[in-house]
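Visitor: If it helps, the file is called model08.cif and holds mmCIF, C-alpha atoms:
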```
data_protein
#
loop_
_atom_site.group_PDB
_atom_site.id
_atom_site.type_symbol
_atom_site.label_atom_id
_atom_site.label_comp_id
_atom_site.auth_asym_id
_atom_site.auth_seq_id
_atom_site.Cartn_x
_atom_site.Cartn_y
_atom_site.Cartn_z
ATOM 1 C CA MET J 118 0.000 0.000 0.000
ATOM 2 C CA PRO J 119 2.159 2.851 -1.290
ATOM 3 C CA GLU J 120 0.003 5.544 0.326
ATOM 4 C CA ASP J 121 0.486 4.013 3.792
ATOM 5 C CA ARG J 122 3.859 5.411 4.765
ATOM 6 C CA LEU J 123 5.669 5.758 8.076
ATOM 7 C CA MET J 124 6.127 9.439 8.972
ATOM 8 C CA ILE J 125 8.828 10.371 11.483
ATOM 9 C CA ALA J 126 9.669 14.015 12.142
ATOM 10 C CA GLY J 127 8.276 15.005 8.768
ATOM 11 C CA ARG J 128 10.197 12.320 6.860
ATOM 12 C CA ALA J 129 8.368 9.571 4.982
ATOM 13 C CA TYR J 130 9.451 5.927 4.790
ATOM 14 C CA ASP J 131 7.926 3.028 2.897
ATOM 15 C CA SER J 132 9.337 0.394 5.259
ATOM 16 C CA ARG J 133 8.094 0.067 8.824
ATOM 17 C CA LEU J 134 10.954 -2.225 9.830
ATOM 18 C CA ILE J 135 14.083 -0.656 11.354
ATOM 19 C CA VAL J 136 17.147 -2.871 11.827
ATOM 20 C CA GLY J 137 20.301 -2.589 13.869
ATOM 21 C CA THR J 138 23.963 -2.801 12.948
ATOM 22 C CA GLY J 139 25.376 -4.972 15.707
ATOM 23 C CA LYS J 140 26.097 -8.649 16.399
ATOM 24 C CA TYR J 141 26.426 -9.655 12.746
ATOM 25 C CA ALA J 142 29.279 -11.838 11.552
ATOM 26 C CA SER J 143 30.440 -8.956 9.348
ATOM 27 C CA TYR J 144 29.330 -5.576 8.050
ATOM 28 C CA ALA J 145 28.788 -7.251 4.675
ATOM 29 C CA GLN J 146 26.302 -9.685 6.205
ATOM 30 C CA ASN J 147 24.675 -6.759 8.014
ATOM 31 C CA ALA J 148 24.168 -4.961 4.698
ATOM 32 C CA GLU J 149 22.710 -8.049 3.039
ATOM 33 C CA ALA J 150 20.285 -8.541 5.923
ATOM 34 C CA ALA J 151 19.198 -4.896 5.878
ATOM 35 C CA ARG J 152 18.393 -5.175 2.168
ATOM 36 C CA ALA J 153 16.540 -8.469 2.651
ATOM 37 C CA ALA J 154 14.486 -6.786 5.377
ATOM 38 C CA GLY J 155 13.578 -3.955 3.045
ATOM 39 C CA ALA J 156 14.740 -1.546 5.739
ATOM 40 C CA GLU J 157 15.329 2.130 5.019
ATOM 41 C CA ILE J 158 16.572 3.073 8.514
ATOM 42 C CA VAL J 159 19.439 1.410 10.363
ATOM 43 C CA THR J 160 20.424 2.146 13.935
ATOM 44 C CA VAL J 161 24.084 2.865 14.579
ATOM 45 C CA ALA J 162 25.514 2.323 18.049
ATOM 46 C CA LEU J 163 28.112 5.072 18.048
ATOM 47 C CA ARG J 164 30.150 3.522 20.851
ATOM 48 C CA ARG J 165 30.422 0.123 19.170
ATOM 49 C CA VAL J 166 30.517 0.632 15.402
ATOM 50 C CA ASN J 167 33.575 1.716 13.440
ATOM 51 C CA LEU J 168 32.746 4.798 11.413
ATOM 52 C CA SER J 169 36.060 6.620 11.402
ATOM 53 C CA ASN J 170 39.080 4.287 11.485
ATOM 54 C CA PRO J 171 40.106 3.761 7.824
ATOM 55 C CA ASP J 172 42.536 1.007 8.839
ATOM 56 C CA GLU J 173 39.636 -1.254 9.801
ATOM 57 C CA ASP J 174 36.461 -2.369 8.064
ATOM 58 C CA ARG J 175 33.932 0.455 8.352
ATOM 59 C CA LEU J 176 30.174 0.208 8.493
ATOM 60 C CA GLN J 177 29.584 2.805 5.778
ATOM 61 C CA ASP J 178 31.714 0.821 3.305
ATOM 62 C CA HIS J 179 28.923 -1.780 3.293
ATOM 63 C CA VAL J 180 25.809 -0.122 4.723
ATOM 64 C CA SER J 181 25.963 3.103 2.756
ATOM 65 C CA PRO J 182 24.452 6.304 4.220
ATOM 66 C CA LYS J 183 23.307 7.025 0.653
ATOM 67 C CA GLU J 184 21.189 3.867 0.695
ATOM 68 C CA PHE J 185 20.008 3.869 4.312
ATOM 69 C CA THR J 186 19.073 6.558 6.814
ATOM 70 C CA TYR J 187 21.494 6.307 9.717
ATOM 71 C CA LEU J 188 19.830 6.554 13.128
ATOM 72 C CA PRO J 189 22.599 7.179 15.693
ATOM 73 C CA ASN J 190 21.783 5.726 19.084
ATOM 74 C CA THR J 191 23.218 5.896 22.568
ATOM 75 C CA ALA J 192 23.542 2.165 23.278
ATOM 76 C CA GLY J 193 25.904 1.676 26.212
ATOM 77 C CA CYS J 194 25.025 4.968 27.918
ATOM 78 C CA PHE J 195 23.911 4.748 31.550
ATOM 79 C CA ASN J 196 23.186 8.369 32.378
ATOM 80 C CA ALA J 197 21.805 11.434 30.664
ATOM 81 C CA ASP J 198 25.145 13.256 30.416
ATOM 82 C CA GLU J 199 26.766 10.372 28.511
ATOM 83 C CA ALA J 200 23.839 10.116 26.122
ATOM 84 C CA VAL J 201 23.659 13.840 25.369
ATOM 85 C CA ARG J 202 27.416 14.116 24.868
ATOM 86 C CA THR J 203 27.443 11.088 22.552
ATOM 87 C CA LEU J 204 24.742 12.504 20.285
ATOM 88 C CA ARG J 205 26.256 15.976 20.210
ATOM 89 C CA LEU J 206 29.502 14.418 19.001
ATOM 90 C CA ALA J 207 27.537 12.412 16.432
ATOM 91 C CA ARG J 208 25.961 15.556 15.039
ATOM 92 C CA GLU J 209 29.343 17.236 14.758
ATOM 93 C CA ALA J 210 30.779 14.199 12.969
ATOM 94 C CA GLY J 211 27.920 13.292 10.640
ATOM 95 C CA GLY J 212 25.380 16.080 10.786
ATOM 96 C CA TRP J 213 22.704 13.767 12.189
ATOM 97 C CA ASP J 214 19.761 15.362 13.954
ATOM 98 C CA LEU J 215 17.302 12.426 13.894
ATOM 99 C CA VAL J 216 18.535 10.209 16.720
ATOM 100 C CA LYS J 217 17.520 7.336 18.947
ATOM 101 C CA LEU J 218 17.899 7.978 22.658
ATOM 102 C CA GLU J 219 18.348 5.143 25.108
ATOM 103 C CA VAL J 220 19.622 5.511 28.665
ATOM 104 C CA LEU J 221 20.030 2.177 30.398
ATOM 105 C CA SER J 222 19.699 1.392 34.076
ATOM 106 C CA ASP J 223 21.996 -1.624 34.529
ATOM 107 C CA GLN J 224 24.085 -4.134 32.612
ATOM 108 C CA LYS J 225 21.996 -7.167 33.533
ATOM 109 C CA THR J 226 18.574 -6.093 32.245
ATOM 110 C CA LEU J 227 19.433 -3.117 29.990
ATOM 111 C CA TYR J 228 16.086 -1.754 31.139
ATOM 112 C CA PRO J 229 15.624 1.952 30.438
ATOM 113 C CA ASP J 230 16.277 4.405 33.255
ATOM 114 C CA MET J 231 13.255 6.595 32.710
ATOM 115 C CA GLU J 232 14.328 9.499 34.925
ATOM 116 C CA GLU J 233 17.663 9.845 33.113
ATOM 117 C CA THR J 234 15.914 9.298 29.789
ATOM 118 C CA MET J 235 13.578 12.221 30.458
ATOM 119 C CA ILE J 236 16.462 14.516 31.419
ATOM 120 C CA ALA J 237 18.388 13.610 28.260
ATOM 121 C CA ALA J 238 15.315 13.956 26.036
ATOM 122 C CA LYS J 239 14.630 17.490 27.255
ATOM 123 C CA ASP J 240 18.268 18.542 26.750
ATOM 124 C CA LEU J 241 18.458 17.053 23.242
ATOM 125 C CA ILE J 242 15.166 18.544 22.096
ATOM 126 C CA LYS J 243 16.302 21.923 23.405
ATOM 127 C CA ASP J 244 19.433 21.462 21.271
ATOM 128 C CA GLY J 245 17.354 20.912 18.130
ATOM 129 C CA PHE J 246 17.494 17.125 17.887
ATOM 130 C CA GLU J 247 14.571 15.028 16.665
ATOM 131 C CA VAL J 248 14.432 12.380 19.373
ATOM 132 C CA MET J 249 13.103 8.860 18.960
ATOM 133 C CA VAL J 250 13.115 7.499 22.494
ATOM 134 C CA TYR J 251 13.509 3.963 23.854
ATOM 135 C CA CYS J 252 11.350 3.621 26.945
ATOM 136 C CA SER J 253 9.519 1.284 29.272
ATOM 137 C CA ASP J 254 6.007 0.150 28.383
ATOM 138 C CA ASP J 255 4.521 2.575 30.913
ATOM 139 C CA PRO J 256 1.739 4.573 29.195
ATOM 140 C CA VAL J 257 2.138 7.472 31.638
ATOM 141 C CA PHE J 258 5.849 7.943 30.951
ATOM 142 C CA ALA J 259 5.262 7.426 27.232
ATOM 143 C CA ARG J 260 2.792 10.303 27.229
ATOM 144 C CA LYS J 261 5.203 12.525 29.175
ATOM 145 C CA LEU J 262 7.974 11.851 26.650
ATOM 146 C CA GLU J 263 5.643 12.787 23.822
ATOM 147 C CA ASP J 264 4.569 15.924 25.680
ATOM 148 C CA VAL J 265 8.171 17.163 25.967
ATOM 149 C CA GLY J 266 8.585 16.810 22.191
ATOM 150 C CA CYS J 267 9.903 13.330 21.319
ATOM 151 C CA CYS J 268 9.086 12.534 17.684
ATOM 152 C CA ALA J 269 8.612 8.773 18.217
ATOM 153 C CA ILE J 270 7.919 6.628 21.263
ATOM 154 C CA MET J 271 9.733 3.272 21.338
ATOM 155 C CA PRO J 272 8.479 1.036 24.153
ATOM 156 C CA LEU J 273 10.216 -2.272 24.765
ATOM 157 C CA GLY J 274 8.421 -5.482 23.944
ATOM 158 C CA SER J 275 10.678 -7.253 26.429
ATOM 159 C CA LEU J 276 14.325 -6.990 27.471
ATOM 160 C CA ILE J 277 16.901 -6.082 24.818
ATOM 161 C CA GLY J 278 18.247 -9.178 23.081
ATOM 162 C CA SER J 279 15.953 -11.539 25.020
ATOM 163 C CA GLY J 280 13.775 -12.716 22.132
ATOM 164 C CA LEU J 281 10.869 -13.092 24.566
ATOM 165 C CA GLY J 282 8.406 -11.217 22.379
ATOM 166 C CA ILE J 283 5.819 -8.738 23.602
ATOM 167 C CA GLN J 284 5.254 -9.414 27.283
ATOM 168 C CA ASN J 285 2.659 -6.718 27.941
ATOM 169 C CA PRO J 286 0.439 -6.224 24.895
ATOM 170 C CA LEU J 287 -2.158 -4.341 26.930
ATOM 171 C CA ASN J 288 0.284 -1.547 27.775
ATOM 172 C CA ILE J 289 1.560 -1.362 24.205
ATOM 173 C CA ARG J 290 -2.016 -0.982 23.027
ATOM 174 C CA LEU J 291 -2.674 1.778 25.576
ATOM 175 C CA ILE J 292 0.419 3.643 24.402
ATOM 176 C CA VAL J 293 -0.710 3.326 20.784
ATOM 177 C CA GLU J 294 -4.228 4.581 21.550
ATOM 178 C CA GLN J 295 -3.032 7.765 23.246
ATOM 179 C CA ALA J 296 -0.082 8.591 20.983
ATOM 180 C CA ARG J 297 0.000 11.394 18.440
ATOM 181 C CA VAL J 298 3.468 10.390 17.191
ATOM 182 C CA PRO J 299 4.668 7.032 15.823
ATOM 183 C CA VAL J 300 4.934 4.146 18.278
ATOM 184 C CA ILE J 301 7.678 1.671 17.404
ATOM 185 C CA VAL J 302 8.249 -1.496 19.413
ATOM 186 C CA ASP J 303 11.924 -1.630 20.259
ATOM 187 C CA ALA J 304 13.575 -4.666 21.877
ATOM 188 C CA GLY J 305 12.527 -8.217 22.639
ATOM 189 C CA VAL J 306 11.314 -9.380 19.226
ATOM 190 C CA GLY J 307 12.471 -12.949 18.633
ATOM 191 C CA THR J 308 10.690 -14.167 15.543
ATOM 192 C CA ALA J 309 8.288 -13.110 12.817
ATOM 193 C CA SER J 310 5.125 -13.687 14.849
ATOM 194 C CA ASP J 311 6.370 -11.189 17.451
ATOM 195 C CA ALA J 312 6.798 -8.552 14.766
ATOM 196 C CA ALA J 313 3.355 -9.283 13.348
ATOM 197 C CA GLU J 314 1.823 -9.013 16.828
ATOM 198 C CA ALA J 315 3.389 -5.586 17.358
ATOM 199 C CA MET J 316 1.903 -4.357 14.113
ATOM 200 C CA GLU J 317 -1.497 -5.926 14.809
ATOM 201 C CA LEU J 318 -1.584 -3.977 18.083
ATOM 202 C CA GLY J 319 -1.437 -0.817 15.992
ATOM 203 C CA CYS J 320 2.235 0.048 16.310
ATOM 204 C CA ASP J 321 3.666 2.118 13.490
ATOM 205 C CA GLY J 322 6.844 0.091 13.202
ATOM 206 C CA VAL J 323 9.236 -2.406 14.765
ATOM 207 C CA LEU J 324 12.937 -2.098 15.516
ATOM 208 C CA MET J 325 15.083 -5.190 15.905
ATOM 209 C CA ASN J 326 18.678 -6.354 15.836
ATOM 210 C CA THR J 327 19.379 -9.616 17.674
ATOM 211 C CA ALA J 328 16.371 -11.458 16.224
ATOM 212 C CA ILE J 329 17.929 -11.174 12.778
ATOM 213 C CA ALA J 330 21.645 -11.099 13.587
ATOM 214 C CA GLU J 331 21.573 -14.215 15.809
ATOM 215 C CA ALA J 332 19.230 -16.290 13.641
ATOM 216 C CA LYS J 333 20.776 -19.387 12.086
ATOM 217 C CA ASP J 334 20.132 -17.782 8.704
ATOM 218 C CA PRO J 335 20.086 -13.993 9.246
ATOM 219 C CA ILE J 336 19.227 -13.187 5.639
ATOM 220 C CA LEU J 337 16.222 -15.516 5.555
ATOM 221 C CA MET J 338 15.068 -14.216 8.944
ATOM 222 C CA ALA J 339 15.363 -10.634 7.693
ATOM 223 C CA SER J 340 13.056 -11.526 4.822
ATOM 224 C CA ALA J 341 10.622 -13.207 7.217
ATOM 225 C CA MET J 342 10.543 -10.086 9.382
ATOM 226 C CA LYS J 343 9.835 -7.920 6.347
ATOM 227 C CA HIS J 344 6.774 -9.976 5.446
ATOM 228 C CA ALA J 345 5.623 -10.209 9.073
ATOM 229 C CA VAL J 346 5.620 -6.434 9.482
ATOM 230 C CA ILE J 347 3.699 -5.975 6.239
ATOM 231 C CA ALA J 348 1.162 -8.687 7.162
ATOM 232 C CA GLY J 349 0.678 -7.323 10.671
ATOM 233 C CA ARG J 350 0.136 -3.798 9.373
ATOM 234 C CA GLU J 351 -2.408 -4.932 6.791
ATOM 235 C CA ALA J 352 -4.245 -7.028 9.391
ATOM 236 C CA TYR J 353 -4.454 -4.023 11.710
ATOM 237 C CA LEU J 354 -5.774 -1.768 8.961
ATOM 238 C CA ALA J 355 -8.255 -4.430 7.845
ATOM 239 C CA GLY J 356 -9.701 -4.740 11.347
ATOM 240 C CA ARG J 357 -9.845 -8.213 12.808
ATOM 241 C CA MET J 358 -13.108 -10.041 13.453
ATOM 242 C CA GLY J 359 -14.551 -9.875 16.929
ATOM 243 C CA ARG J 360 -13.787 -12.640 19.412
ATOM 244 C CA LYS J 361 -16.801 -14.833 20.206
ATOM 245 C CA ARG J 362 -17.524 -17.281 22.975
ATOM 246 C CA TYR J 363 -19.265 -19.763 20.690
ATOM 247 C CA ALA J 364 -19.067 -21.077 17.145
ATOM 248 C CA ASP J 365 -20.476 -19.033 14.275
ATOM 249 C CA PRO J 366 -20.799 -21.126 11.091
ATOM 250 C CA SER J 367 -19.429 -19.743 7.848
ATOM 251 C CA SER J 368 -22.470 -21.053 5.986
ATOM 252 C CA PRO J 369 -25.976 -20.246 7.310
ATOM 253 C CA LEU J 370 -27.832 -23.109 8.984
ATOM 254 C CA ALA J 371 -31.285 -21.890 7.932
ATOM 255 C CA GLY J 372 -32.820 -23.493 4.841
ATOM 256 C CA LEU J 373 -30.824 -26.723 5.043
ATOM 257 C CA ILE J 374 -32.273 -29.677 3.117
#
```
Show the structure stored in the file as structure tokens.
Guide:
Amino acid sequence: MPEDRLMIAGRAYDSRLIVGTGKYASYAQNAEAARAAGAEIVTVALRRVNLSNPDEDRLQDHVSPKEFTYLPNTAGCFNADEAVRTLRLAREAGGWDLVKLEVLSDQKTLYPDMEETMIAAKDLIKDGFEVMVYCSDDPVFARKLEDVGCCAIMPLGSLIGSGLGIQNPLNIRLIVEQARVPVIVDAGVGTASDAAEAMELGCDGVLMNTAIAEAKDPILMASAMKHAVIAGREAYLAGRMGRKRYADPSSPLAGLI
């Protein structure tokens, strides 16, 4: 459906699947997976990806910024100061103003620290950044992040890299219903059915990394995720049938011979 496009901060995208650039066997495999996924946006963990050292393999030599929109993120940052400083340096280096903010609470769960996230979001927005924000699945905090000016809300489905799928669909649905900006499930997707579920809940997109990168066949999984996101979106737009307590025959029973 070409008219059904994802709009983020005034920019239009045909694909609703965003993929990461970590954990792959190589940058070349990463690029192949991103193309198989039909992705137009790739997240770039500035603290972990080589963008500047010409003596080593660089991400942009395979995943070209001319082909994909780079979305710098603050993976590995555990307080607001680190996150803000990281993205300011990214803007100086690459001119990026559309960014993904994540401020983590601890190494074990990688759960978002929402107080530090809010502080960083306010500072970045004041600096002119367009902030897509990784957050908990708390509808109240999601609304507050939107109110301060975040251009996309990105609640976790479950813990980063866990592959557990969406653990709290009710909260995701509540976030979707109240949001005036795109809602993109970020973290926890393990397989195609998880991605389809996120889209069927009404989310505007899905972001994933580990589910593709750690699959036995990353390229095939990337393709599966592409189709799952499309199917889930179409099912949401179509409007599913109501749930019923009893059977309802497809063919009418009246007038049987």
Visitor: What do you get, as a ChimeraX atom specification, if you spell out every residue that the PyMOL selection byres ((chain J and resi 338) around 10) selects here?
Guide: /J:150,153-154,308-309,328-337,339-344
Visitor: So what does the PyMOL selection byres ((chain J and resi 282) around 9) actually pick up in this one, as a ChimeraX atom specification?
Guide: /J:274-276,279-281,283-284,304-308,310-312,314
Visitor: Would you please work out which residue, of J:Glu184, J:Ile347, J:Asp172, J:Cys268, is nearest to Ala151 (chain J) when using only C-alpha atoms?
Guide: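 Of the candidates, the smallest distance to Ala151 (chain J) is held by J:Glu184.
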Visitor: Run the PyMOL selection byres ((chain J and resi 160) around 7) on the file and write out the hits as JSON, numbers by chain.
Guide: {"J": [136, 137, 138, 158, 159, 161, 162, 187, 188, 189, 190]}
Visitor: Work out how far CA of Ala238 (chain J) is from CA of Cys252 (chain J), in Å to one decimal.
Guide: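 Separation of CA of Cys252 (chain J) and CA of Ala238 (chain J): 11.1 Å.
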Visitor: Counting all atoms listed in the file, figure out which residue out of J:Val300, J:Ala126, J:Cys194, J:Met358 gets nearest to Asp214 (chain J).
Guide: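 When distances to Asp214 (chain J) are compared using all atoms listed in the file, the smallest one comes from J:Ala126.
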Visitor: Got a sec: who's within 12 Å of Leu227 (chain J), counting all atoms listed in the file, leaving out chain neighbours fewer than 2 positions off, as a VMD selection string?
Guide: chain J and resid 192 to 195 219 to 225 229 to 231 251 to 253 273 275 to 279 304 to 305
Visitor: Could the centre and edge lengths of an axis-aligned box, enclosing all atoms of region 330-346 of chain J in the file with 8 Å extra on each side, be given in Å to one decimal as AutoDock Vina command-line options?
Guide:
```
--center_x 13.6 --center_y -12.9 --center_z 10.3 --size_x 32.0 --size_y 29.0 --size_z 27.0
```
Visitor: Determine the nearest neighbour of Gly212 (chain J) from the options J:Tyr228, J:Phe185, J:Tyr353, J:Phe246, counting only C-alpha atoms.
Guide: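 Once distances to Gly212 (chain J) are computed over only C-alpha atoms, the minimum belongs to J:Phe246.
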Visitor: Taking into account all atoms listed in the file, which residue in the set J:Gln295, J:Thr327, J:Thr186, J:Thr203 is nearest to Tyr130 (chain J)?
Guide: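 Among J:Gln295, J:Thr327, J:Thr186, J:Thr203, it is J:Thr186 that comes nearest to Tyr130 (chain J).
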Visitor: Would you please work out which residue, of J:Arg350, J:Arg362, J:Arg357, J:Lys261, is nearest to Arg133 (chain J) when using all atoms listed in the file?
Guide: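 Ranking J:Arg350, J:Arg362, J:Arg357, J:Lys261 by distance to Arg133 (chain J), first place goes to J:Arg350.
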Visitor: Could you check the closest approach to Leu262 (chain J) for each of J:Ala210, J:Ala200, J:Leu218, J:Ala355 and tell me which residue wins, using all atoms listed in the file?
Guide: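 Ranking J:Ala210, J:Ala200, J:Leu218, J:Ala355 by distance to Leu262 (chain J), first place goes to J:Leu218.
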